[in-house]
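Everything below belongs to data37.cif, which stores mmCIF, C-alpha atoms and all ligand atoms.
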data_protein
loop_
_atom_site.label_atom_id
_atom_site.label_comp_id
_atom_site.auth_asym_id
_atom_site.auth_seq_id
_atom_site.Cartn_x
_atom_site.Cartn_y
_atom_site.Cartn_z
CA MET A 1 -33.32 68.50 76.98
CA HIS A 2 -30.96 70.28 74.60
CA VAL A 3 -32.00 73.85 73.83
CA LEU A 4 -30.61 76.05 71.06
CA VAL A 5 -30.85 79.75 71.90
CA THR A 6 -30.15 82.00 68.92
CA GLY A 7 -29.08 85.50 69.96
CA GLY A 8 -28.17 83.96 73.31
CA ALA A 9 -25.37 86.44 73.99
CA GLY A 10 -27.93 89.25 73.88
CA PHE A 11 -30.10 90.63 76.64
CA ILE A 12 -33.16 88.35 76.58
CA GLY A 13 -31.46 85.32 74.98
CA GLY A 14 -28.73 85.61 77.62
CA HIS A 15 -31.27 85.32 80.43
CA LEU A 16 -33.03 82.44 78.68
CA ALA A 17 -29.83 80.45 78.23
CA GLU A 18 -28.86 81.12 81.86
CA ALA A 19 -32.26 79.93 83.13
CA PHE A 20 -32.26 76.80 80.97
CA LEU A 21 -28.78 75.89 82.23
CA GLU A 22 -29.97 76.43 85.81
CA ASP A 23 -32.91 74.14 85.08
CA GLY A 24 -30.45 71.39 84.08
CA HIS A 25 -30.80 71.57 80.29
CA ASP A 26 -27.88 71.43 77.88
CA VAL A 27 -27.67 74.68 75.93
CA THR A 28 -26.11 75.84 72.68
CA VAL A 29 -25.93 79.57 72.08
CA LEU A 30 -25.59 80.90 68.55
CA ASP A 31 -24.70 84.59 68.25
CA ASN A 32 -22.66 86.71 65.86
CA PHE A 33 -22.03 89.71 68.18
CA GLU A 34 -23.99 92.01 65.92
CA PRO A 35 -22.46 95.44 66.67
CA PHE A 36 -25.65 97.16 67.85
CA TYR A 37 -24.28 98.01 71.30
CA ALA A 38 -21.18 97.33 73.39
CA GLU A 39 -19.95 93.79 72.90
CA GLY A 40 -18.64 93.72 76.48
CA ILE A 41 -22.18 93.22 77.83
CA LYS A 42 -22.53 90.10 75.66
CA ARG A 43 -19.09 88.81 76.68
CA HIS A 44 -20.09 89.21 80.30
CA THR A 45 -23.28 87.20 79.65
CA LEU A 46 -21.28 84.35 78.11
CA GLU A 47 -19.08 84.27 81.22
CA VAL A 48 -22.21 83.93 83.38
CA HIS A 49 -23.34 81.00 81.21
CA ARG A 50 -20.02 79.24 81.58
CA GLU A 51 -20.10 79.61 85.36
CA VAL A 52 -23.68 78.34 85.65
CA ALA A 53 -22.93 75.40 83.35
CA ALA A 54 -19.84 74.46 85.35
CA ASP A 55 -21.78 74.62 88.65
CA GLY A 56 -24.64 72.53 87.29
CA ASP A 57 -22.57 70.02 85.35
CA VAL A 58 -24.55 70.59 82.14
CA GLU A 59 -23.25 70.97 78.62
CA TYR A 60 -22.82 74.47 77.27
CA ARG A 61 -21.58 75.43 73.85
CA PHE A 62 -21.16 78.87 72.36
CA VAL A 63 -21.03 79.07 68.58
CA GLU A 64 -20.06 82.38 67.05
CA GLY A 65 -22.05 82.45 63.84
CA ASP A 66 -24.82 84.03 61.84
CA VAL A 67 -28.45 82.86 61.65
CA ARG A 68 -28.31 83.73 57.97
CA ASP A 69 -25.64 81.11 57.31
CA PRO A 70 -27.41 77.84 56.36
CA GLU A 71 -24.49 75.53 57.17
CA THR A 72 -23.89 76.91 60.66
CA VAL A 73 -27.61 76.88 61.40
CA ARG A 74 -28.07 73.29 60.20
CA GLU A 75 -25.20 72.18 62.39
CA VAL A 76 -26.54 73.77 65.60
CA VAL A 77 -30.19 72.86 64.97
CA ASP A 78 -29.26 69.23 64.44
CA ASP A 79 -28.58 68.60 68.14
CA ALA A 80 -31.51 70.62 69.48
CA ASP A 81 -34.76 69.39 71.03
CA VAL A 82 -36.18 72.91 71.18
CA VAL A 83 -35.08 76.04 69.31
CA VAL A 84 -35.59 79.39 71.05
CA HIS A 85 -35.09 82.09 68.44
CA GLN A 86 -34.07 85.48 69.84
CA ALA A 87 -31.46 86.56 67.28
CA ALA A 88 -32.60 89.72 65.56
CA GLN A 89 -31.71 93.27 64.93
CA ALA A 90 -33.91 94.77 67.62
CA GLY A 91 -34.70 98.45 67.79
CA VAL A 92 -37.19 100.48 65.85
CA ARG A 93 -34.89 103.38 64.98
CA GLU A 94 -32.16 101.13 63.61
CA SER A 95 -34.77 99.66 61.26
CA VAL A 96 -35.69 103.09 59.91
CA ASP A 97 -32.03 103.79 59.11
CA ASN A 98 -31.15 100.31 57.82
CA PRO A 99 -34.32 98.56 56.66
CA GLN A 100 -32.51 96.21 54.29
CA ARG A 101 -30.10 94.91 56.92
CA VAL A 102 -32.86 94.51 59.51
CA THR A 103 -34.98 92.59 57.00
CA ASP A 104 -32.03 90.35 56.10
CA ILE A 105 -31.42 89.41 59.71
CA ASN A 106 -34.97 89.25 61.01
CA VAL A 107 -36.71 87.69 58.03
CA ASP A 108 -34.04 85.79 56.05
CA GLY A 109 -32.38 84.65 59.28
CA THR A 110 -35.70 83.29 60.55
CA VAL A 111 -36.50 81.49 57.30
CA ASN A 112 -33.07 79.92 57.41
CA LEU A 113 -33.70 78.67 60.93
CA LEU A 114 -37.19 77.36 60.12
CA GLU A 115 -35.83 75.55 57.04
CA ALA A 116 -33.15 73.82 59.10
CA SER A 117 -35.65 73.00 61.86
CA LYS A 118 -38.17 71.41 59.51
CA GLU A 119 -35.49 68.95 58.33
CA THR A 120 -34.83 67.72 61.87
CA ASP A 121 -37.07 66.44 64.62
CA VAL A 122 -37.06 69.48 66.92
CA ASP A 123 -40.09 69.49 69.21
CA ARG A 124 -40.78 73.18 68.79
CA VAL A 125 -39.42 76.54 67.63
CA ILE A 126 -40.28 79.39 70.01
CA LEU A 127 -39.84 82.80 68.33
CA ALA A 128 -39.40 86.24 69.86
CA SER A 129 -41.95 88.57 68.32
CA SER A 130 -42.82 92.06 69.48
CA SER A 131 -45.58 94.47 70.46
CA SER A 132 -44.30 96.47 67.46
CA VAL A 133 -46.45 94.26 65.23
CA TYR A 134 -49.57 96.15 66.38
CA GLY A 135 -48.53 99.68 65.44
CA LYS A 136 -51.71 101.70 65.45
CA PRO A 137 -54.01 101.02 68.40
CA ARG A 138 -57.68 100.58 67.47
CA SER A 139 -58.41 99.44 71.02
CA LEU A 140 -56.28 98.94 74.12
CA PRO A 141 -55.09 96.77 75.74
CA TYR A 142 -54.01 94.86 72.64
CA GLU A 143 -55.50 91.41 72.33
CA GLU A 144 -53.75 89.00 69.99
CA ASP A 145 -56.44 89.34 67.30
CA HIS A 146 -56.02 93.13 67.13
CA PRO A 147 -55.08 94.16 63.54
CA THR A 148 -51.36 94.33 62.85
CA GLU A 149 -50.37 97.62 61.21
CA PRO A 150 -46.72 98.16 62.17
CA VAL A 151 -45.39 101.70 61.96
CA SER A 152 -41.73 100.71 61.50
CA PRO A 153 -39.73 98.38 59.25
CA TYR A 154 -38.80 96.48 62.44
CA GLY A 155 -42.50 95.81 63.18
CA VAL A 156 -42.99 94.61 59.60
CA THR A 157 -40.13 92.12 59.95
CA LYS A 158 -41.69 90.76 63.14
CA VAL A 159 -45.14 90.30 61.54
CA THR A 160 -43.47 88.58 58.59
CA GLN A 161 -41.59 86.30 60.95
CA GLU A 162 -44.87 85.36 62.66
CA HIS A 163 -46.51 84.51 59.32
CA MET A 164 -43.48 82.45 58.30
CA ALA A 165 -43.68 80.48 61.53
CA ARG A 166 -47.40 79.82 61.05
CA VAL A 167 -46.88 78.71 57.45
CA TYR A 168 -44.11 76.29 58.51
CA THR A 169 -46.49 74.85 61.10
CA GLU A 170 -49.30 74.48 58.57
CA LEU A 171 -47.24 73.29 55.59
CA HIS A 172 -44.57 71.22 57.27
CA GLY A 173 -46.03 70.31 60.64
CA LEU A 174 -43.19 72.12 62.43
CA PRO A 175 -44.51 73.20 65.84
CA THR A 176 -43.91 76.94 66.36
CA VAL A 177 -45.12 79.55 68.81
CA CYS A 178 -44.52 83.31 68.68
CA LEU A 179 -44.29 85.46 71.79
CA ARG A 180 -45.04 89.14 71.38
CA TYR A 181 -42.80 90.73 74.00
CA PHE A 182 -43.72 94.20 75.31
CA THR A 183 -40.64 96.40 76.07
CA VAL A 184 -38.47 94.13 78.19
CA TYR A 185 -36.12 95.38 80.92
CA GLY A 186 -33.90 94.00 83.67
CA PRO A 187 -30.26 93.19 84.44
CA ARG A 188 -27.86 93.45 81.46
CA MET A 189 -30.55 95.21 79.43
CA ARG A 190 -29.72 96.86 76.13
CA PRO A 191 -28.17 100.27 76.85
CA ASN A 192 -30.20 102.12 74.25
CA MET A 193 -33.52 101.71 76.06
CA ALA A 194 -35.34 104.27 78.20
CA ILE A 195 -34.92 102.61 81.61
CA SER A 196 -31.15 102.01 81.43
CA ASN A 197 -30.73 105.44 79.96
CA PHE A 198 -32.72 107.25 82.67
CA VAL A 199 -30.95 105.32 85.45
CA SER A 200 -27.52 105.93 84.02
CA ARG A 201 -28.14 109.65 83.54
CA CYS A 202 -29.70 110.21 86.96
CA LEU A 203 -26.89 108.36 88.75
CA ASN A 204 -24.46 110.68 86.99
CA GLU A 205 -26.55 113.74 87.87
CA GLU A 206 -27.52 114.40 84.28
CA PRO A 207 -31.17 115.18 83.56
CA PRO A 208 -33.16 112.32 82.03
CA VAL A 209 -34.09 113.10 78.43
CA ILE A 210 -37.52 112.28 77.03
CA TYR A 211 -38.06 112.13 73.27
CA GLY A 212 -41.47 113.70 72.62
CA ASP A 213 -43.87 115.04 75.24
CA GLY A 214 -43.65 112.00 77.54
CA GLU A 215 -47.34 111.22 77.09
CA GLN A 216 -46.57 108.06 75.10
CA THR A 217 -47.27 104.94 77.19
CA ARG A 218 -45.44 101.62 77.41
CA ASP A 219 -46.11 98.25 78.91
CA PHE A 220 -42.76 97.33 80.49
CA THR A 221 -42.05 93.65 81.09
CA TYR A 222 -39.50 92.35 83.58
CA VAL A 223 -37.14 89.90 81.88
CA ASP A 224 -37.89 87.14 84.43
CA ASP A 225 -41.48 87.03 83.13
CA VAL A 226 -40.24 86.52 79.58
CA VAL A 227 -38.02 83.72 80.88
CA ASP A 228 -40.96 82.06 82.65
CA ALA A 229 -43.10 82.07 79.51
CA ASN A 230 -40.32 80.51 77.42
CA ARG A 231 -39.52 77.99 80.14
CA THR A 232 -43.13 76.77 80.17
CA LEU A 233 -43.18 76.44 76.41
CA LEU A 234 -40.15 74.16 76.27
CA THR A 235 -42.51 71.31 77.17
CA ASP A 236 -46.02 72.72 76.67
CA ASP A 237 -47.51 72.07 73.22
CA SER A 238 -50.93 73.63 73.93
CA VAL A 239 -50.28 76.82 71.94
CA ASP A 240 -48.33 75.45 68.99
CA GLY A 241 -49.13 77.51 65.89
CA GLU A 242 -50.29 80.52 67.92
CA VAL A 243 -49.12 83.95 69.07
CA LEU A 244 -49.19 85.15 72.69
CA ASN A 245 -48.69 88.58 74.23
CA ILE A 246 -46.05 88.60 76.95
CA GLY A 247 -46.33 91.87 78.84
CA SER A 248 -47.01 93.22 82.30
CA SER A 249 -50.42 94.85 81.66
CA ASP A 250 -49.10 97.67 83.86
CA ASN A 251 -48.50 100.41 81.34
CA ILE A 252 -47.27 103.86 82.29
CA SER A 253 -46.30 107.00 80.44
CA ILE A 254 -42.65 107.74 79.72
CA GLN A 255 -43.11 110.92 81.78
CA GLU A 256 -44.16 108.85 84.81
CA LEU A 257 -41.29 106.42 84.24
CA ALA A 258 -38.74 109.24 84.12
CA GLU A 259 -40.25 110.64 87.34
CA VAL A 260 -40.08 107.25 89.11
CA VAL A 261 -36.36 106.96 88.30
CA ARG A 262 -35.55 110.63 88.88
CA ASP A 263 -37.43 110.81 92.22
CA GLN A 264 -35.56 107.77 93.49
CA LEU A 265 -32.08 108.76 92.34
CA ALA A 266 -31.81 112.52 91.86
CA PRO A 267 -35.00 114.45 92.80
CA GLU A 268 -33.31 117.79 92.13
CA LEU A 269 -32.95 117.13 88.38
CA GLU A 270 -35.32 118.70 85.84
CA ILE A 271 -36.47 116.33 83.09
CA GLU A 272 -35.48 117.51 79.58
CA TYR A 273 -37.37 117.02 76.31
CA GLU A 274 -36.20 116.49 72.75
CA SER A 275 -38.21 116.00 69.59
CA ALA A 276 -40.07 112.69 69.25
CA ARG A 277 -38.34 109.91 67.35
CA GLU A 278 -39.97 108.72 64.17
CA ALA A 279 -41.62 105.30 63.95
CA ASP A 280 -42.00 104.88 67.70
CA ALA A 281 -45.42 103.52 68.67
CA GLU A 282 -47.57 105.99 70.61
CA HIS A 283 -48.98 103.48 73.07
CA THR A 284 -48.45 99.85 73.96
CA HIS A 285 -50.53 97.95 76.47
CA ALA A 286 -50.80 94.18 76.62
CA SER A 287 -53.75 92.01 77.39
CA VAL A 288 -52.15 88.89 78.87
CA GLU A 289 -55.43 87.03 79.29
CA LYS A 290 -54.68 84.52 76.55
CA ALA A 291 -51.20 83.75 77.94
CA ASN A 292 -52.71 83.43 81.40
CA GLU A 293 -55.47 81.07 80.30
CA THR A 294 -53.28 78.89 78.09
CA ILE A 295 -49.90 78.66 79.80
CA GLY A 296 -50.65 80.12 83.24
CA TYR A 297 -48.54 83.22 82.55
CA GLU A 298 -48.65 85.88 85.26
CA PRO A 299 -46.54 89.05 85.36
CA SER A 300 -44.56 89.06 88.58
CA ARG A 301 -43.84 92.74 89.23
CA THR A 302 -45.30 96.20 88.91
CA ILE A 303 -43.15 98.68 87.00
CA THR A 304 -42.22 100.46 90.24
CA GLU A 305 -41.03 97.20 91.81
CA GLY A 306 -39.17 96.16 88.67
CA VAL A 307 -37.45 99.52 88.21
CA GLY A 308 -36.42 99.43 91.88
CA GLU A 309 -34.85 96.01 91.35
CA PHE A 310 -33.12 97.15 88.18
CA ILE A 311 -31.65 100.16 89.99
CA GLU A 312 -30.33 97.87 92.74
CA TRP A 313 -28.77 95.60 90.14
CA TYR A 314 -27.31 98.57 88.25
CA GLU A 315 -25.70 99.97 91.37
CA ALA A 316 -24.21 96.58 92.28
CA ASN A 317 -22.85 96.12 88.73
CA ARG A 318 -22.07 99.73 87.97
CA GLU A 319 -18.32 99.26 87.66
CA TRP A 320 -18.46 97.00 84.59
CA TYR A 321 -21.92 97.82 83.18
CA GLU A 322 -21.96 101.60 83.20
CA PRO A 323 -18.94 102.25 80.94
CA LEU A 324 -20.49 99.86 78.41
CA VAL A 325 -23.88 101.57 78.63
CA ARG A 326 -22.32 104.95 78.13
CA SER A 327 -20.15 103.86 75.22
CA SER A 328 -23.11 102.32 73.32
P1 LIG A 401 -30.27 92.01 71.80
O1 LIG A 401 -29.79 92.85 70.68
O2 LIG A 401 -29.71 92.20 73.16
O3 LIG A 401 -30.12 90.47 71.43
C1 LIG A 401 -30.16 89.98 70.11
C2 LIG A 401 -28.94 89.12 69.92
O4 LIG A 401 -29.01 88.58 68.60
C3 LIG A 401 -27.63 89.91 70.01
O5 LIG A 401 -26.74 89.30 70.92
C4 LIG A 401 -27.07 89.87 68.60
O6 LIG A 401 -25.64 89.82 68.57
C5 LIG A 401 -27.71 88.61 68.06
N1 LIG A 401 -27.81 88.64 66.60
C6 LIG A 401 -28.24 89.66 65.83
N2 LIG A 401 -28.16 89.33 64.54
C7 LIG A 401 -27.69 88.07 64.49
C8 LIG A 401 -27.37 87.18 63.44
N3 LIG A 401 -27.53 87.55 62.16
N4 LIG A 401 -26.90 85.95 63.74
C9 LIG A 401 -26.71 85.57 65.03
N5 LIG A 401 -26.99 86.38 66.08
C10 LIG A 401 -27.47 87.61 65.81
O7 LIG A 401 -31.86 92.20 71.84
P2 LIG A 401 -32.91 91.69 72.92
O8 LIG A 401 -33.51 92.88 73.53
O9 LIG A 401 -32.33 90.65 73.76
O10 LIG A 401 -34.00 91.04 71.96
C11 LIG A 401 -34.12 89.63 71.80
C12 LIG A 401 -35.31 89.34 70.91
O11 LIG A 401 -36.51 89.84 71.49
C13 LIG A 401 -35.22 89.98 69.52
O12 LIG A 401 -35.77 89.08 68.59
C14 LIG A 401 -36.08 91.21 69.66
O13 LIG A 401 -36.58 91.60 68.41
C15 LIG A 401 -37.16 90.71 70.58
N6 LIG A 401 -37.83 91.76 71.36
C16 LIG A 401 -37.14 92.46 72.30
C17 LIG A 401 -37.80 93.42 73.05
C18 LIG A 401 -37.11 94.21 74.12
O14 LIG A 401 -37.75 95.10 74.70
N7 LIG A 401 -35.85 93.96 74.45
C19 LIG A 401 -39.17 93.68 72.81
C20 LIG A 401 -39.82 92.95 71.84
C21 LIG A 401 -39.15 91.97 71.13
#

In structure tokens, write the structure found in this file.
Amino acid sequence: MHVLVTGGAGFIGGHLAEAFLEDGHDVTVLDNFEPFYAEGIKRHTLEVHREVAADGDVEYRFVEGDVRDPETVREVVDDADVVVHQAAQAGVRESVDNPQRVTDINVDGTVNLLEASKETDVDRVILASSSSVYGKPRSLPYEEDHPTEPVSPYGVTKVTQEHMARVYTELHGLPTVCLRYFTVYGPRMRPNMAISNFVSRCLNEEPPVIYGDGEQTRDFTYVDDVVDANRTLLTDDSVDGEVLNIGSSDNISIQELAEVVRDQLAPELEIEYESAREADAEHTHASVEKANETIGYEPSRTITEGVGEFIEWYEANREWYEPLVRSS
């Protein structure tokens, strides 16, 4: 199979491309090195891809280009059996500051990709959506039919993307499936997220900083689980046209998370607090029942296990990763 991974130099797309290469698929990565955080992390990911491809004797191509550019997108979609769309401007706060740019990338970029895909005979487009589509919890854990009332421009772009995908399925018969990821973490994770931040600060004997009172809760998902869901969907057409939550169902408060990291790395440090950041969701908690029943999805780790693994990875990769985290 030939898989196109958009945003494949990024955190999640990087892991997806790596896994698909390991599974023996040919992979094209499209990424424009959007300057959201240190480019060095993405360059490192591309090196990993090249090594895995060379070991497995599979074809790997990296195309530096923009999902908003119709010609580039048509060219890379043309060869693909499945398109796995991760390219986006992630991050809620960025979307508050730059709503126009985030909409351009996340909505126009997606439409561009769907347009190109409908012209070819790709088997399926799998799109990265987000728990941010839910916004205000009426009931928790979120089931997929919970109302979507995003509280950030980012969440709005992700709901729009989901509707676009559904409309392309209904109007043009293009198989699509949207995966609502719940805060993903793991090796090579984006530096501007709570877990990498807490780990980096504690290892450097700086107090972890919580924005708000720490009572907000998150459902943290280990990146391997996101990979497994996407891997299944390369060949499984049972949920075409639908959305699925991909989370851990093991939600904890940011206070507890900071304590888990602090207690393991620097128990003497006092946690510090700064004012809450606007447009952050108060609580996220995934029901993964639908994903379990349809594609056999099962989260593999508790947050404590996953954070422990991330810390081990961080310490082993500290020399190259930490300067990039701290410069982002
Ligand atoms: P990331 O920023 O690490 O990866 C996104 C990649 O897309 C980057 O490498 C970036 O350079 C690329 N990109 C951005 N704009 C582009 C454009 N116009 N053309 C081509 N490439 C472009 O983010 P991530 O955490 O890996 O997120 C991947 C996807 O998962 C995104 O769609 C994000 O919205 C979604 N998501 C992530 C999380 C999470 O917790 N990480 C949670 C929910 C949803």

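When atom CA of Glu242 of chain A is paired with atom CA of Ala90 of chain A, their separation reads 21.7 Å.
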
**OP:** Write as a ChimeraX atom specification the residues around ligand LIG 401 (chain A), taking 8 Å as the cut-off and counting all atoms listed in the file.
**Re:** /A:6-14,30-37,42,64-68,85-91,105-106,109,127-132,158,180-185,189-190,193,220-221

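The shortest atom-to-atom distance to Thr304 of chain A, with only C-alpha atoms taken into account, belongs to A:Asp263 out of A:Asp280, A:Asp263, A:Asp224, A:Glu319.
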
**OP:** Compute the distance from (-39.4, 88.8, 60.8) to each atom, counting only C-alpha atoms, keep the residues with any atom at most 8 Å away, and return them as a PyMOL selection string; use the coordinates of the file.
**Re:** chain A and resi 103+106-108+110+129+154+156-162+164

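Atom to atom, atom CA of Val122 of chain A and atom CA of Ala80 of chain A stand 6.2 Å apart.
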
**OP:** May I have the protein, DNA and RNA residues with any atom at most 10 Å from the point (-31.4, 77.6, 78.2), counting all atoms listed in the file, written as JSON, numbers by chain?
**Re:** {"A": [1, 2, 3, 4, 5, 8, 13, 14, 15, 16, 17, 18, 19, 20, 21, 22, 23, 24, 25, 26, 27, 28, 29, 49, 60, 82, 83, 84, 227, 230, 231, 234]}

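For the choices A:Asp213, A:Asp225, A:Glu149, A:Glu315, the atom-to-atom distance to Glu274 of chain A is smallest for A:Asp213 when using all atoms listed in the file.
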
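Using all atoms listed in the file, the smallest distance between any of A:Val92, A:Glu119, A:His285, A:Tyr211 and Glu75 of chain A comes from A:Glu119.
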
Subject >> From A:Pro150, A:Gly247, A:Gly173, A:Gly135, residue lying nearest Val223 of chain A [only C-alpha atoms] >> reply: A:Gly247

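Ranking A:Arg101, A:His146, A:Arg262, A:His172 by their shortest atom-to-atom distance to Val133 of chain A, with only C-alpha atoms included, puts A:His146 first.
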
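Checking A:Ile210, A:Leu244, A:Leu179, A:Val261 one by one against Val288 of chain A, counting only C-alpha atoms, you find the shortest gap at A:Leu244.
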
**OP:** Identify, on the basis of all atoms listed in the file, every residue whose closest approach to Glu143 of chain A does not exceed 9 Å; exclude the query and any residue fewer than 4 positions from it along the same chain; express the result as number ranges by chain.
**Re:** A: 139, 244-245, 286-290

Add whatever atoms are absent from segment 247-267 of chain A to reach N, CA, C and O atoms, and provide the output as a PDB file, in the frame of the given file.
ATOM      1  N   GLY A 247     -46.515  90.512  78.342  1.00  0.00           N
ATOM      2  CA  GLY A 247     -46.330  91.870  78.840  1.00  0.00           C
ATOM      3  C   GLY A 247     -46.576  91.902  80.338  1.00  0.00           C
ATOM      4  O   GLY A 247     -46.643  90.852  80.981  1.00  0.00           O
ATOM      5  N   SER A 248     -46.742  93.124  80.861  1.00  0.00           N
ATOM      6  CA  SER A 248     -47.010  93.220  82.300  1.00  0.00           C
ATOM      7  C   SER A 248     -48.436  93.669  82.548  1.00  0.00           C
ATOM      8  O   SER A 248     -48.948  93.539  83.651  1.00  0.00           O
ATOM      9  N   SER A 249     -49.079  94.266  81.515  1.00  0.00           N
ATOM     10  CA  SER A 249     -50.420  94.850  81.660  1.00  0.00           C
ATOM     11  C   SER A 249     -50.417  96.048  82.584  1.00  0.00           C
ATOM     12  O   SER A 249     -51.455  96.489  83.034  1.00  0.00           O
ATOM     13  N   ASP A 250     -49.222  96.569  82.903  1.00  0.00           N
ATOM     14  CA  ASP A 250     -49.100  97.670  83.860  1.00  0.00           C
ATOM     15  C   ASP A 250     -48.461  98.839  83.124  1.00  0.00           C
ATOM     16  O   ASP A 250     -47.322  99.172  83.378  1.00  0.00           O
ATOM     17  N   ASN A 251     -49.195  99.420  82.164  1.00  0.00           N
ATOM     18  CA  ASN A 251     -48.500 100.410  81.340  1.00  0.00           C
ATOM     19  C   ASN A 251     -48.476 101.793  81.983  1.00  0.00           C
ATOM     20  O   ASN A 251     -49.403 102.176  82.678  1.00  0.00           O
ATOM     21  N   ILE A 252     -47.375 102.495  81.767  1.00  0.00           N
ATOM     22  CA  ILE A 252     -47.270 103.860  82.290  1.00  0.00           C
ATOM     23  C   ILE A 252     -46.687 104.766  81.212  1.00  0.00           C
ATOM     24  O   ILE A 252     -46.104 104.287  80.235  1.00  0.00           O
ATOM     25  N   SER A 253     -46.840 106.063  81.434  1.00  0.00           N
ATOM     26  CA  SER A 253     -46.300 107.000  80.440  1.00  0.00           C
ATOM     27  C   SER A 253     -44.791 107.130  80.669  1.00  0.00           C
ATOM     28  O   SER A 253     -44.280 106.874  81.763  1.00  0.00           O
ATOM     29  N   ILE A 254     -44.103 107.545  79.619  1.00  0.00           N
ATOM     30  CA  ILE A 254     -42.650 107.740  79.720  1.00  0.00           C
ATOM     31  C   ILE A 254     -42.352 108.867  80.715  1.00  0.00           C
ATOM     32  O   ILE A 254     -41.367 108.825  81.445  1.00  0.00           O
ATOM     33  N   GLN A 255     -43.254 109.859  80.777  1.00  0.00           N
ATOM     34  CA  GLN A 255     -43.110 110.920  81.780  1.00  0.00           C
ATOM     35  C   GLN A 255     -43.099 110.330  83.191  1.00  0.00           C
ATOM     36  O   GLN A 255     -42.220 110.628  84.002  1.00  0.00           O
ATOM     37  N   GLU A 256     -44.098 109.461  83.473  1.00  0.00           N
ATOM     38  CA  GLU A 256     -44.160 108.850  84.810  1.00  0.00           C
ATOM     39  C   GLU A 256     -42.928 107.998  85.093  1.00  0.00           C
ATOM     40  O   GLU A 256     -42.394 108.005  86.196  1.00  0.00           O
ATOM     41  N   LEU A 257     -42.478 107.266  84.066  1.00  0.00           N
ATOM     42  CA  LEU A 257     -41.290 106.420  84.240  1.00  0.00           C
ATOM     43  C   LEU A 257     -40.069 107.271  84.611  1.00  0.00           C
ATOM     44  O   LEU A 257     -39.339 106.963  85.553  1.00  0.00           O
ATOM     45  N   ALA A 258     -39.889 108.355  83.853  1.00  0.00           N
ATOM     46  CA  ALA A 258     -38.740 109.240  84.120  1.00  0.00           C
ATOM     47  C   ALA A 258     -38.839 109.782  85.549  1.00  0.00           C
ATOM     48  O   ALA A 258     -37.839 109.886  86.257  1.00  0.00           O
ATOM     49  N   GLU A 259     -40.081 110.100  85.982  1.00  0.00           N
ATOM     50  CA  GLU A 259     -40.250 110.640  87.340  1.00  0.00           C
ATOM     51  C   GLU A 259     -39.938 109.587  88.408  1.00  0.00           C
ATOM     52  O   GLU A 259     -39.315 109.886  89.418  1.00  0.00           O
ATOM     53  N   VAL A 260     -40.363 108.326  88.154  1.00  0.00           N
ATOM     54  CA  VAL A 260     -40.080 107.250  89.110  1.00  0.00           C
ATOM     55  C   VAL A 260     -38.574 107.131  89.324  1.00  0.00           C
ATOM     56  O   VAL A 260     -38.089 107.071  90.446  1.00  0.00           O
ATOM     57  N   VAL A 261     -37.819 107.116  88.219  1.00  0.00           N
ATOM     58  CA  VAL A 261     -36.360 106.960  88.300  1.00  0.00           C
ATOM     59  C   VAL A 261     -35.738 108.208  88.924  1.00  0.00           C
ATOM     60  O   VAL A 261     -34.940 108.131  89.859  1.00  0.00           O
ATOM     61  N   ARG A 262     -36.125 109.371  88.404  1.00  0.00           N
ATOM     62  CA  ARG A 262     -35.550 110.630  88.880  1.00  0.00           C
ATOM     63  C   ARG A 262     -35.813 110.817  90.383  1.00  0.00           C
ATOM     64  O   ARG A 262     -34.916 111.142  91.148  1.00  0.00           O
ATOM     65  N   ASP A 263     -37.082 110.572  90.813  1.00  0.00           N
ATOM     66  CA  ASP A 263     -37.430 110.810  92.220  1.00  0.00           C
ATOM     67  C   ASP A 263     -36.631 109.904  93.149  1.00  0.00           C
ATOM     68  O   ASP A 263     -36.287 110.286  94.254  1.00  0.00           O
ATOM     69  N   GLN A 264     -36.321 108.697  92.655  1.00  0.00           N
ATOM     70  CA  GLN A 264     -35.560 107.770  93.490  1.00  0.00           C
ATOM     71  C   GLN A 264     -34.073 108.130  93.545  1.00  0.00           C
ATOM     72  O   GLN A 264     -33.440 107.981  94.573  1.00  0.00           O
ATOM     73  N   LEU A 265     -33.535 108.621  92.416  1.00  0.00           N
ATOM     74  CA  LEU A 265     -32.080 108.760  92.340  1.00  0.00           C
ATOM     75  C   LEU A 265     -31.563 110.196  92.443  1.00  0.00           C
ATOM     76  O   LEU A 265     -30.476 110.422  92.968  1.00  0.00           O
ATOM     77  N   ALA A 266     -32.321 111.135  91.889  1.00  0.00           N
ATOM     78  CA  ALA A 266     -31.810 112.520  91.860  1.00  0.00           C
ATOM     79  C   ALA A 266     -32.980 113.493  91.750  1.00  0.00           C
ATOM     80  O   ALA A 266     -33.183 114.120  90.701  1.00  0.00           O
ATOM     81  N   PRO A 267     -33.755 113.659  92.860  1.00  0.00           N
ATOM     82  CA  PRO A 267     -35.000 114.450  92.800  1.00  0.00           C
ATOM     83  C   PRO A 267     -34.779 115.897  92.372  1.00  0.00           C
ATOM     84  O   PRO A 267     -35.722 116.559  91.929  1.00  0.00           O
TER      85      PRO A 267
END
